[in-house]
Amino acid sequence: MTPPLITNLYTADPSAHVFNGRVYIYPSHDRETDIAFNDNGDQYDMADYHVYSTSTLEPPYADVVDHGVVLRTEDVPWVGKQLWAPDAAEKDGKSYLYFPARDKAGVFRIGVAVGERPEGPFVPDPEPIRGTFSIDPASFVDDTDGAAYLYFGGLWGGQLQCYQGGHDKFDTAWLGPQEPSGADKKALFPKVARLSADMRSLVDDEVRDLVILAPETGEPIAADDHDRRFFEAAWMHKKDDTYYFSYSTGDTHYIVYATSKSPLGPFTYAGRILEPVLGWTTHHSIVEFQGRWWLFHHDCELSKGVDHLRSVKVKEIFYNQEGKITTEKPE
Ligand code: FUB
């Protein structure tokens, strides 16, 4: 059994980046609650973020540093509750923490907080990023041209299904653990937006669908294709000239990926990266460090299977000659 990378707290949804030659990890901070479990995710009632860093990804993980609390619910004027999966970016000497939370009306939004260093602390903007909604922001700065993107979205408790009538129309009839289904229905797409030069707003407030196609038909993945349709946990990375968009399939518990030659897509489904782990949720990130590629993820082994008490782990991944991701080292 792989040991957890982080053991001083329960942590989940790890977004890993290499800044200044060191790996920084931006996880959710899970905590005990007496909230009844449900499929809306109410039991994931997190109230602050810690940042971690390390210079080595080999056990026994002797150099993992907890940089302490970098942002709390009460620091952010618009937040009501549930600080879910965050991500971070660095640009022009400043650090940016992107985070989803329910606002005071219970609607998930995405906020940004700015810091002077990757380990924080971070000062939040007073309002959520205009144009954003739902959960699980993932930022990506393209090394080709420096353009920055924000990917986001999540079904059921993440509320993505409430925007089928338009990005500015929140339909409360779709609240809860539901999504489109039926023979001729397309899956809902994750979202992508360009980040402005200040990294704190979207270019033209514009949010687009990130289309994921089935390779065998060239058509969008079907809503009933629960082994491959997007559920939550967006992540983008690039290797050579290929963009890899990876995500969780939610109720089928896989981490899967799709590829494209553009960060805006369309993407074509390409395969699985992680089989189901112990616990309902699965969420990950992928980063290159010292010439090797690493999959950060979480499971519930340390809490002996308590769904909302998760622990961050890391394992090496590989690419075959065609650029397909594999968890086994090719011969
Ligand atoms: O941690 C809360 C939620 O659980 C995340 O936002 C989802 O991706 C799932 O991991």
# chains A, B, ... in the order shown; residues from 1 in each chain; ligands from 1

$ residues_near_ligand --ligand "ligand 1" --cutoff "10 Å" --atoms "only C-alpha atoms and all ligand atoms" --output "number ranges by chain"
A: 11-14, 27-30, 41-46, 82-86, 99-101, 134-137, 153-155, 157-158, 231-234, 247-248, 250, 279-284, 297-299, 307-310

$ closest_atom_pairs --of "range 224-269 of chain A" --to "range 179-183 of chain A" --cutoff "12 Å" --atoms "only C-alpha atoms" --output "Markdown table"
| residue | atom | partner | partner_atom | distance |
| --- | --- | --- | --- | --- |
| A:Asp224 | CA | A:Ser181 | CA | 5.6 |
| A:Asp225 | CA | A:Ser181 | CA | 9.3 |
| A:His226 | CA | A:Ser181 | CA | 10.0 |
| A:Arg229 | CA | A:Glu179 | CA | 11.2 |
| A:Phe230 | CA | A:Glu179 | CA | 11.2 |
| A:Phe231 | CA | A:Glu179 | CA | 9.7 |
| A:Gly250 | CA | A:Glu179 | CA | 11.8 |
| A:Asp251 | CA | A:Glu179 | CA | 11.6 |

$ write_last_selection --atoms "all heavy atoms" --output "PDB file, in the first residue's frame"
ATOM      1  N   ASP A 224     -25.263   9.128 -20.745  1.00  0.00           N
ATOM      2  CA  ASP A 224     -25.365   7.849 -20.024  1.00  0.00           C
ATOM      3  C   ASP A 224     -24.042   7.080 -19.977  1.00  0.00           C
ATOM      4  O   ASP A 224     -23.981   6.008 -19.385  1.00  0.00           O
ATOM      5  CB  ASP A 224     -26.434   6.962 -20.680  1.00  0.00           C
ATOM      6  CG  ASP A 224     -27.830   7.476 -20.383  1.00  0.00           C
ATOM      7  OD1 ASP A 224     -27.970   8.352 -19.502  1.00  0.00           O
ATOM      8  OD2 ASP A 224     -28.786   7.001 -21.036  1.00  0.00           O
ATOM      9  N   ASP A 225     -23.004   7.611 -20.578  1.00  0.00           N
ATOM     10  CA  ASP A 225     -21.695   6.933 -20.615  1.00  0.00           C
ATOM     11  C   ASP A 225     -20.929   7.276 -19.329  1.00  0.00           C
ATOM     12  O   ASP A 225     -19.941   8.020 -19.352  1.00  0.00           O
ATOM     13  CB  ASP A 225     -20.941   7.401 -21.863  1.00  0.00           C
ATOM     14  CG  ASP A 225     -19.666   6.622 -22.106  1.00  0.00           C
ATOM     15  OD1 ASP A 225     -19.255   5.854 -21.220  1.00  0.00           O
ATOM     16  OD2 ASP A 225     -19.073   6.808 -23.193  1.00  0.00           O
ATOM     17  N   HIS A 226     -21.389   6.750 -18.207  1.00  0.00           N
ATOM     18  CA  HIS A 226     -20.833   7.157 -16.910  1.00  0.00           C
ATOM     19  C   HIS A 226     -19.390   6.712 -16.696  1.00  0.00           C
ATOM     20  O   HIS A 226     -18.730   7.195 -15.791  1.00  0.00           O
ATOM     21  CB  HIS A 226     -21.731   6.651 -15.769  1.00  0.00           C
ATOM     22  CG  HIS A 226     -22.993   7.439 -15.625  1.00  0.00           C
ATOM     23  ND1 HIS A 226     -23.622   7.644 -14.425  1.00  0.00           N
ATOM     24  CD2 HIS A 226     -23.744   8.101 -16.544  1.00  0.00           C
ATOM     25  CE1 HIS A 226     -24.702   8.387 -14.595  1.00  0.00           C
ATOM     26  NE2 HIS A 226     -24.799   8.663 -15.885  1.00  0.00           N
ATOM     27  N   ARG A 229     -17.937  10.010 -18.996  1.00  0.00           N
ATOM     28  CA  ARG A 229     -18.401  11.395 -19.039  1.00  0.00           C
ATOM     29  C   ARG A 229     -17.752  12.195 -17.901  1.00  0.00           C
ATOM     30  O   ARG A 229     -17.433  11.676 -16.843  1.00  0.00           O
ATOM     31  CB  ARG A 229     -19.928  11.500 -18.990  1.00  0.00           C
ATOM     32  CG  ARG A 229     -20.606  10.972 -17.731  1.00  0.00           C
ATOM     33  CD  ARG A 229     -20.944  12.017 -16.757  1.00  0.00           C
ATOM     34  NE  ARG A 229     -21.765  11.552 -15.664  1.00  0.00           N
ATOM     35  CZ  ARG A 229     -21.348  10.819 -14.651  1.00  0.00           C
ATOM     36  NH1 ARG A 229     -20.093  10.384 -14.590  1.00  0.00           N
ATOM     37  NH2 ARG A 229     -22.177  10.503 -13.655  1.00  0.00           N
ATOM     38  N   PHE A 230     -17.580  13.516 -18.153  1.00  0.00           N
ATOM     39  CA  PHE A 230     -16.991  14.406 -17.137  1.00  0.00           C
ATOM     40  C   PHE A 230     -17.923  14.506 -15.947  1.00  0.00           C
ATOM     41  O   PHE A 230     -19.132  14.726 -16.108  1.00  0.00           O
ATOM     42  CB  PHE A 230     -16.767  15.805 -17.730  1.00  0.00           C
ATOM     43  CG  PHE A 230     -16.329  16.812 -16.692  1.00  0.00           C
ATOM     44  CD1 PHE A 230     -15.006  16.885 -16.303  1.00  0.00           C
ATOM     45  CD2 PHE A 230     -17.258  17.655 -16.094  1.00  0.00           C
ATOM     46  CE1 PHE A 230     -14.606  17.804 -15.333  1.00  0.00           C
ATOM     47  CE2 PHE A 230     -16.863  18.570 -15.125  1.00  0.00           C
ATOM     48  CZ  PHE A 230     -15.538  18.648 -14.746  1.00  0.00           C
ATOM     49  N   PHE A 231     -17.340  14.396 -14.731  1.00  0.00           N
ATOM     50  CA  PHE A 231     -18.122  14.606 -13.507  1.00  0.00           C
ATOM     51  C   PHE A 231     -17.554  15.780 -12.710  1.00  0.00           C
ATOM     52  O   PHE A 231     -18.270  16.708 -12.369  1.00  0.00           O
ATOM     53  CB  PHE A 231     -18.126  13.326 -12.658  1.00  0.00           C
ATOM     54  CG  PHE A 231     -19.072  13.383 -11.480  1.00  0.00           C
ATOM     55  CD1 PHE A 231     -20.359  12.886 -11.577  1.00  0.00           C
ATOM     56  CD2 PHE A 231     -18.678  13.930 -10.263  1.00  0.00           C
ATOM     57  CE1 PHE A 231     -21.245  12.940 -10.501  1.00  0.00           C
ATOM     58  CE2 PHE A 231     -19.554  13.991  -9.179  1.00  0.00           C
ATOM     59  CZ  PHE A 231     -20.840  13.495  -9.302  1.00  0.00           C
ATOM     60  N   GLY A 250     -16.718  10.524 -11.407  1.00  0.00           N
ATOM     61  CA  GLY A 250     -17.704  10.613 -10.335  1.00  0.00           C
ATOM     62  C   GLY A 250     -18.231   9.277  -9.871  1.00  0.00           C
ATOM     63  O   GLY A 250     -17.502   8.506  -9.240  1.00  0.00           O
ATOM     64  N   ASP A 251     -19.470   8.965 -10.215  1.00  0.00           N
ATOM     65  CA  ASP A 251     -20.116   7.778  -9.650  1.00  0.00           C
ATOM     66  C   ASP A 251     -19.553   6.467 -10.176  1.00  0.00           C
ATOM     67  O   ASP A 251     -19.906   5.400  -9.670  1.00  0.00           O
ATOM     68  CB  ASP A 251     -21.637   7.831  -9.864  1.00  0.00           C
ATOM     69  CG  ASP A 251     -22.023   7.911 -11.325  1.00  0.00           C
ATOM     70  OD1 ASP A 251     -21.153   8.198 -12.184  1.00  0.00           O
ATOM     71  OD2 ASP A 251     -23.215   7.699 -11.622  1.00  0.00           O
TER      72      ASP A 251
END

$ select_by_dssp --residues "range 121-216 of chain A" --states "helix (DSSP H, G or I)" --output "ChimeraX atom specification"
/A:156-158,160-163,172-174,203-205

$ write_last_selection --atoms "N, CA, C and O atoms" --output "PDB file, in the first residue's frame"
ATOM      1  N   TRP A 156     -23.792  17.202  -9.774  1.00  0.00           N
ATOM      2  CA  TRP A 156     -24.511  16.881  -8.532  1.00  0.00           C
ATOM      3  C   TRP A 156     -24.310  18.025  -7.523  1.00  0.00           C
ATOM      4  O   TRP A 156     -24.727  19.135  -7.797  1.00  0.00           O
ATOM      5  N   GLY A 157     -23.598  17.767  -6.402  1.00  0.00           N
ATOM      6  CA  GLY A 157     -23.381  18.821  -5.409  1.00  0.00           C
ATOM      7  C   GLY A 157     -22.621  19.999  -5.971  1.00  0.00           C
ATOM      8  O   GLY A 157     -22.693  21.114  -5.440  1.00  0.00           O
ATOM      9  N   GLY A 158     -21.891  19.777  -7.053  1.00  0.00           N
ATOM     10  CA  GLY A 158     -21.107  20.839  -7.686  1.00  0.00           C
ATOM     11  C   GLY A 158     -21.922  21.772  -8.567  1.00  0.00           C
ATOM     12  O   GLY A 158     -21.403  22.775  -9.076  1.00  0.00           O
ATOM     13  N   LEU A 160     -23.109  21.931 -11.595  1.00  0.00           N
ATOM     14  CA  LEU A 160     -22.903  22.233 -13.026  1.00  0.00           C
ATOM     15  C   LEU A 160     -24.199  22.043 -13.832  1.00  0.00           C
ATOM     16  O   LEU A 160     -24.473  22.780 -14.785  1.00  0.00           O
ATOM     17  N   GLN A 161     -24.997  21.055 -13.429  1.00  0.00           N
ATOM     18  CA  GLN A 161     -26.230  20.751 -14.172  1.00  0.00           C
ATOM     19  C   GLN A 161     -27.290  21.841 -14.039  1.00  0.00           C
ATOM     20  O   GLN A 161     -28.298  21.804 -14.764  1.00  0.00           O
ATOM     21  N   CYS A 162     -27.058  22.799 -13.151  1.00  0.00           N
ATOM     22  CA  CYS A 162     -28.049  23.879 -12.971  1.00  0.00           C
ATOM     23  C   CYS A 162     -27.916  24.968 -14.032  1.00  0.00           C
ATOM     24  O   CYS A 162     -28.700  25.934 -14.018  1.00  0.00           O
ATOM     25  N   TYR A 163     -26.925  24.869 -14.941  1.00  0.00           N
ATOM     26  CA  TYR A 163     -26.668  25.943 -15.923  1.00  0.00           C
ATOM     27  C   TYR A 163     -26.969  25.499 -17.350  1.00  0.00           C
ATOM     28  O   TYR A 163     -26.420  26.056 -18.305  1.00  0.00           O
ATOM     29  N   THR A 172     -32.747  26.173 -10.210  1.00  0.00           N
ATOM     30  CA  THR A 172     -32.775  25.444  -8.938  1.00  0.00           C
ATOM     31  C   THR A 172     -33.476  24.084  -9.063  1.00  0.00           C
ATOM     32  O   THR A 172     -33.300  23.226  -8.201  1.00  0.00           O
ATOM     33  N   ALA A 173     -34.243  23.883 -10.137  1.00  0.00           N
ATOM     34  CA  ALA A 173     -34.919  22.587 -10.312  1.00  0.00           C
ATOM     35  C   ALA A 173     -33.901  21.457 -10.479  1.00  0.00           C
ATOM     36  O   ALA A 173     -34.229  20.278 -10.258  1.00  0.00           O
ATOM     37  N   TRP A 174     -32.660  21.814 -10.880  1.00  0.00           N
ATOM     38  CA  TRP A 174     -31.633  20.789 -11.096  1.00  0.00           C
ATOM     39  C   TRP A 174     -30.703  20.621  -9.886  1.00  0.00           C
ATOM     40  O   TRP A 174     -29.709  19.893  -9.969  1.00  0.00           O
ATOM     41  N   VAL A 203     -11.229  36.838 -19.515  1.00  0.00           N
ATOM     42  CA  VAL A 203     -11.245  37.682 -20.709  1.00  0.00           C
ATOM     43  C   VAL A 203     -12.685  37.768 -21.217  1.00  0.00           C
ATOM     44  O   VAL A 203     -13.331  36.743 -21.475  1.00  0.00           O
ATOM     45  N   ASP A 204     -13.197  38.978 -21.300  1.00  0.00           N
ATOM     46  CA  ASP A 204     -14.577  39.238 -21.761  1.00  0.00           C
ATOM     47  C   ASP A 204     -15.628  38.499 -20.929  1.00  0.00           C
ATOM     48  O   ASP A 204     -16.755  38.293 -21.405  1.00  0.00           O
ATOM     49  N   ASP A 205     -15.285  38.050 -19.737  1.00  0.00           N
ATOM     50  CA  ASP A 205     -16.203  37.250 -18.896  1.00  0.00           C
ATOM     51  C   ASP A 205     -16.711  36.017 -19.650  1.00  0.00           C
ATOM     52  O   ASP A 205     -17.772  35.470 -19.329  1.00  0.00           O
TER      53      ASP A 205
END

$ residues_around --residues "Ile286 in chain A" --least-positions-apart "4" --cutoff "9 Å" --atoms "only C-alpha atoms" --output "MDAnalysis selection string"
chainID A and resid 15:17 235:237 246 293:297 317

$ residues_around --residues "Val114 in chain A" --least-positions-apart "6" --cutoff "6 Å" --atoms "only C-alpha atoms" --output "MDAnalysis selection string"
chainID A and resid 95:96 122:123

$ write_last_selection --atoms "N, CA, C and O atoms" --output "compact mmCIF listing (two decimals), in the first residue's frame"
# COMPACT_ATOMS: atom_id res chain seq x y z
N SER A 95 1.52 35.04 -6.72
CA SER A 95 0.87 33.73 -6.65
C SER A 95 -0.63 33.93 -6.51
O SER A 95 -1.08 34.89 -5.87
N TYR A 96 -1.37 33.01 -7.13
CA TYR A 96 -2.84 33.13 -7.15
C TYR A 96 -3.44 31.81 -6.68
O TYR A 96 -3.06 30.74 -7.19
N PHE A 122 -2.61 34.27 1.41
CA PHE A 122 -3.30 34.83 0.26
C PHE A 122 -4.40 35.79 0.73
O PHE A 122 -5.10 35.51 1.69
N VAL A 123 -4.52 36.89 0.00
CA VAL A 123 -5.56 37.89 0.32
C VAL A 123 -6.65 37.76 -0.74
O VAL A 123 -6.40 37.93 -1.94

$ closest_atom_pairs --of "range 115-222 of chain A" --to "range 60-77 of chain A" --cutoff "8 Å" --atoms "only C-alpha atoms" --output "tab-separated table"
residue	atom	partner	partner_atom	distance
A:Glu119	CA	A:His67	CA	6.2
A:Gly120	CA	A:Val70	CA	5.7
A:Pro121	CA	A:Val70	CA	4.5
A:Phe122	CA	A:Val70	CA	5.9
A:Val123	CA	A:Leu71	CA	7.7
A:Pro124	CA	A:Val76	CA	6.1
A:Asp125	CA	A:Val76	CA	7.7
A:Pro126	CA	A:Pro77	CA	5.9
A:Glu127	CA	A:Pro77	CA	7.4

$ residues_around --residues "Ser196 in chain A" --least-positions-apart "3" --cutoff "9 Å" --atoms "only C-alpha atoms" --output "list in words"
Ala147, Ala148, Tyr149, Met199, Arg200, Ser201, Leu202, Val203 and Asp204 of chain A

$ closest_residue --among "A:Val51, A:Phe19, A:Asn40, A:Asp142" --to "Leu175 in chain A" --atoms "only C-alpha atoms"
A:Asn40

$ closest_residue --among "A:Lys239, A:Phe152, A:Thr249, A:Gly146" --to "Arg208 in chain A" --atoms "only C-alpha atoms"
A:Phe152

$ closest_atom_pairs --of "range 150-254 of chain A" --to "range 266-269 of chain A" --cutoff "8 Å" --atoms "only C-alpha atoms" --output "JSON lines"
{"residue": "A:Leu210", "atom": "CA", "partner": "A:Pro266", "partner_atom": "CA", "distance": 6.5}
{"residue": "A:Val211", "atom": "CA", "partner": "A:Pro266", "partner_atom": "CA", "distance": 4.9}
{"residue": "A:Ile212", "atom": "CA", "partner": "A:Phe267", "partner_atom": "CA", "distance": 4.7}
{"residue": "A:Leu213", "atom": "CA", "partner": "A:Thr268", "partner_atom": "CA", "distance": 4.7}
{"residue": "A:Ala214", "atom": "CA", "partner": "A:Tyr269", "partner_atom": "CA", "distance": 5.7}
{"residue": "A:Pro215", "atom": "CA", "partner": "A:Thr268", "partner_atom": "CA", "distance": 5.9}
{"residue": "A:Gly218", "atom": "CA", "partner": "A:Thr268", "partner_atom": "CA", "distance": 7.8}
{"residue": "A:Arg228", "atom": "CA", "partner": "A:Tyr269", "partner_atom": "CA", "distance": 7.6}
{"residue": "A:Phe245", "atom": "CA", "partner": "A:Phe267", "partner_atom": "CA", "distance": 7.6}

$ write_last_selection --atoms "all heavy atoms" --output "CSV table (one decimal), in the first residue's frame"
chain,number,residue,atom,x,y,z
A,210,LEU,N,-15.9,22.8,-22.8
A,210,LEU,CA,-14.7,22.1,-23.2
A,210,LEU,C,-15.3,20.7,-23.7
A,210,LEU,O,-15.6,19.9,-23.0
A,210,LEU,CB,-13.8,21.9,-22.0
A,210,LEU,CG,-12.5,21.3,-22.4
A,210,LEU,CD1,-11.5,22.4,-22.8
A,210,LEU,CD2,-11.8,20.5,-21.4
A,211,VAL,N,-15.3,20.6,-25.0
A,211,VAL,CA,-16.0,19.5,-25.6
A,211,VAL,C,-15.1,18.3,-25.6
A,211,VAL,O,-13.9,18.3,-25.9
A,211,VAL,CB,-16.3,19.8,-27.1
A,211,VAL,CG1,-16.9,18.6,-27.8
A,211,VAL,CG2,-17.3,21.0,-27.2
A,212,ILE,N,-15.7,17.1,-25.1
A,212,ILE,CA,-14.9,15.8,-25.1
A,212,ILE,C,-15.7,14.9,-26.0
A,212,ILE,O,-16.9,14.6,-25.8
A,212,ILE,CB,-14.9,15.3,-23.6
A,212,ILE,CG1,-14.3,16.3,-22.7
A,212,ILE,CG2,-14.1,14.0,-23.6
A,212,ILE,CD1,-14.3,16.0,-21.2
A,213,LEU,N,-14.9,14.4,-27.0
A,213,LEU,CA,-15.5,13.5,-28.0
A,213,LEU,C,-15.1,12.0,-27.8
A,213,LEU,O,-14.1,11.7,-27.2
A,213,LEU,CB,-14.9,13.9,-29.4
A,213,LEU,CG,-15.1,15.4,-29.8
A,213,LEU,CD1,-14.3,15.6,-31.1
A,213,LEU,CD2,-16.6,15.7,-30.0
A,214,ALA,N,-16.0,11.2,-28.2
A,214,ALA,CA,-15.7,9.7,-28.1
A,214,ALA,C,-14.9,9.4,-29.3
A,214,ALA,O,-15.3,9.7,-30.5
A,214,ALA,CB,-17.0,8.9,-28.1
A,215,PRO,N,-13.8,8.7,-29.2
A,215,PRO,CA,-12.9,8.4,-30.3
A,215,PRO,C,-13.5,7.5,-31.4
A,215,PRO,O,-13.2,7.7,-32.6
A,215,PRO,CB,-11.7,7.7,-29.7
A,215,PRO,CG,-12.1,7.2,-28.4
A,215,PRO,CD,-13.2,8.1,-27.9
A,218,GLY,N,-16.4,10.2,-32.9
A,218,GLY,CA,-16.1,11.6,-33.2
A,218,GLY,C,-17.2,12.5,-32.6
A,218,GLY,O,-17.2,13.7,-32.8
A,228,ARG,N,-17.1,7.4,-18.8
A,228,ARG,CA,-16.2,8.3,-19.6
A,228,ARG,C,-16.7,9.8,-19.5
A,228,ARG,O,-16.0,10.7,-19.9
A,228,ARG,CB,-16.1,7.9,-21.1
A,228,ARG,CG,-15.6,6.5,-21.3
A,228,ARG,CD,-15.2,6.3,-22.8
A,228,ARG,NE,-16.4,6.3,-23.6
A,228,ARG,CZ,-16.4,6.2,-24.9
A,228,ARG,NH1,-15.2,6.0,-25.5
A,228,ARG,NH2,-17.5,6.2,-25.6
A,245,PHE,N,-6.3,16.8,-20.9
A,245,PHE,CA,-7.3,17.2,-19.9
A,245,PHE,C,-7.8,15.9,-19.2
A,245,PHE,O,-8.3,15.0,-19.8
A,245,PHE,CB,-8.5,17.8,-20.7
A,245,PHE,CG,-9.6,18.2,-19.7
A,245,PHE,CD1,-9.5,19.4,-18.9
A,245,PHE,CD2,-10.8,17.5,-19.6
A,245,PHE,CE1,-10.5,19.8,-18.1
A,245,PHE,CE2,-11.8,17.9,-18.7
A,245,PHE,CZ,-11.6,19.0,-17.9

$ closest_residue --among "A:Phe37, A:Tyr10, A:Phe133, A:Tyr26" --to "Glu301 in chain A" --atoms "only C-alpha atoms"
A:Tyr10

$ select_by_dssp --residues "range 82-125 of chain A" --states "strand (DSSP E or B)" --output "ChimeraX atom specification"
/A:87-91,94-103,108-115,123-124

$ write_last_selection --atoms "C-alpha atoms" --output "PDB file, in the first residue's frame"
ATOM      1  CA  ASP A  87      -5.661  25.274  -7.388  1.00  0.00           C
ATOM      2  CA  ALA A  88      -2.874  27.824  -7.737  1.00  0.00           C
ATOM      3  CA  ALA A  89      -0.853  29.628 -10.385  1.00  0.00           C
ATOM      4  CA  GLU A  90       2.192  31.876 -10.509  1.00  0.00           C
ATOM      5  CA  LYS A  91       2.649  34.809 -12.866  1.00  0.00           C
ATOM      6  CA  LYS A  94       2.751  36.845  -7.763  1.00  0.00           C
ATOM      7  CA  SER A  95       0.874  33.735  -6.651  1.00  0.00           C
ATOM      8  CA  TYR A  96      -2.837  33.127  -7.153  1.00  0.00           C
ATOM      9  CA  LEU A  97      -5.061  30.713  -5.241  1.00  0.00           C
ATOM     10  CA  TYR A  98      -8.304  29.743  -7.007  1.00  0.00           C
ATOM     11  CA  PHE A  99     -10.992  28.210  -4.810  1.00  0.00           C
ATOM     12  CA  PRO A 100     -14.660  27.197  -5.034  1.00  0.00           C
ATOM     13  CA  ALA A 101     -17.135  27.773  -2.218  1.00  0.00           C
ATOM     14  CA  ARG A 102     -20.835  28.237  -1.696  1.00  0.00           C
ATOM     15  CA  ASP A 103     -21.829  31.871  -1.415  1.00  0.00           C
ATOM     16  CA  PHE A 108     -21.056  27.592  -5.725  1.00  0.00           C
ATOM     17  CA  ARG A 109     -18.757  30.305  -7.133  1.00  0.00           C
ATOM     18  CA  ILE A 110     -15.020  30.493  -7.758  1.00  0.00           C
ATOM     19  CA  GLY A 111     -12.867  33.011  -5.951  1.00  0.00           C
ATOM     20  CA  VAL A 112      -9.270  34.138  -6.257  1.00  0.00           C
ATOM     21  CA  ALA A 113      -6.798  35.193  -3.578  1.00  0.00           C
ATOM     22  CA  VAL A 114      -3.409  36.783  -4.228  1.00  0.00           C
ATOM     23  CA  GLY A 115      -0.107  36.154  -2.452  1.00  0.00           C
ATOM     24  CA  VAL A 123      -5.558  37.885   0.316  1.00  0.00           C
ATOM     25  CA  PRO A 124      -8.940  37.183  -1.312  1.00  0.00           C
TER      26      PRO A 124
END

$ decode --residues "range 175-213 of chain A" --atoms "C-alpha atoms" --output "short mmCIF file (atom, residue, chain, number, x, y, z; two decimals), in the first residue's frame"
data_model
loop_
_atom_site.label_atom_id
_atom_site.label_comp_id
_atom_site.auth_asym_id
_atom_site.auth_seq_id
_atom_site.Cartn_x
_atom_site.Cartn_y
_atom_site.Cartn_z
CA LEU A 175 -30.11 21.17 -7.60
CA GLY A 176 -28.94 17.95 -5.96
CA PRO A 177 -27.55 14.65 -7.25
CA GLN A 178 -28.99 14.73 -10.77
CA GLU A 179 -27.82 15.14 -14.34
CA PRO A 180 -29.24 14.70 -17.86
CA SER A 181 -29.82 11.12 -19.00
CA GLY A 182 -31.43 9.29 -21.88
CA ALA A 183 -30.52 7.64 -25.17
CA ASP A 184 -29.95 10.78 -27.23
CA LYS A 185 -28.59 13.10 -24.54
CA LYS A 186 -25.03 14.51 -24.63
CA ALA A 187 -23.01 14.65 -21.40
CA LEU A 188 -22.60 18.08 -19.85
CA PHE A 189 -19.25 19.64 -20.67
CA PRO A 190 -16.68 21.05 -18.25
CA LYS A 191 -15.97 24.76 -18.70
CA VAL A 192 -12.92 26.72 -19.85
CA ALA A 193 -12.20 30.45 -19.82
CA ARG A 194 -9.14 32.55 -20.61
CA LEU A 195 -7.73 34.33 -17.58
CA SER A 196 -7.00 38.05 -18.04
CA ALA A 197 -3.46 39.41 -17.67
CA ASP A 198 -4.20 40.22 -14.01
CA MET A 199 -5.14 36.53 -13.40
CA ARG A 200 -8.18 37.75 -11.39
CA SER A 201 -10.86 37.96 -14.09
CA LEU A 202 -11.93 36.20 -17.28
CA VAL A 203 -11.25 37.68 -20.71
CA ASP A 204 -14.58 39.24 -21.76
CA ASP A 205 -16.20 37.25 -18.90
CA GLU A 206 -16.46 34.52 -21.52
CA VAL A 207 -16.91 30.86 -20.51
CA ARG A 208 -16.93 28.08 -23.10
CA ASP A 209 -17.77 24.39 -23.12
CA LEU A 210 -14.74 22.09 -23.20
CA VAL A 211 -15.99 19.49 -25.65
CA ILE A 212 -14.94 15.85 -25.08
CA LEU A 213 -15.48 13.50 -28.02
#
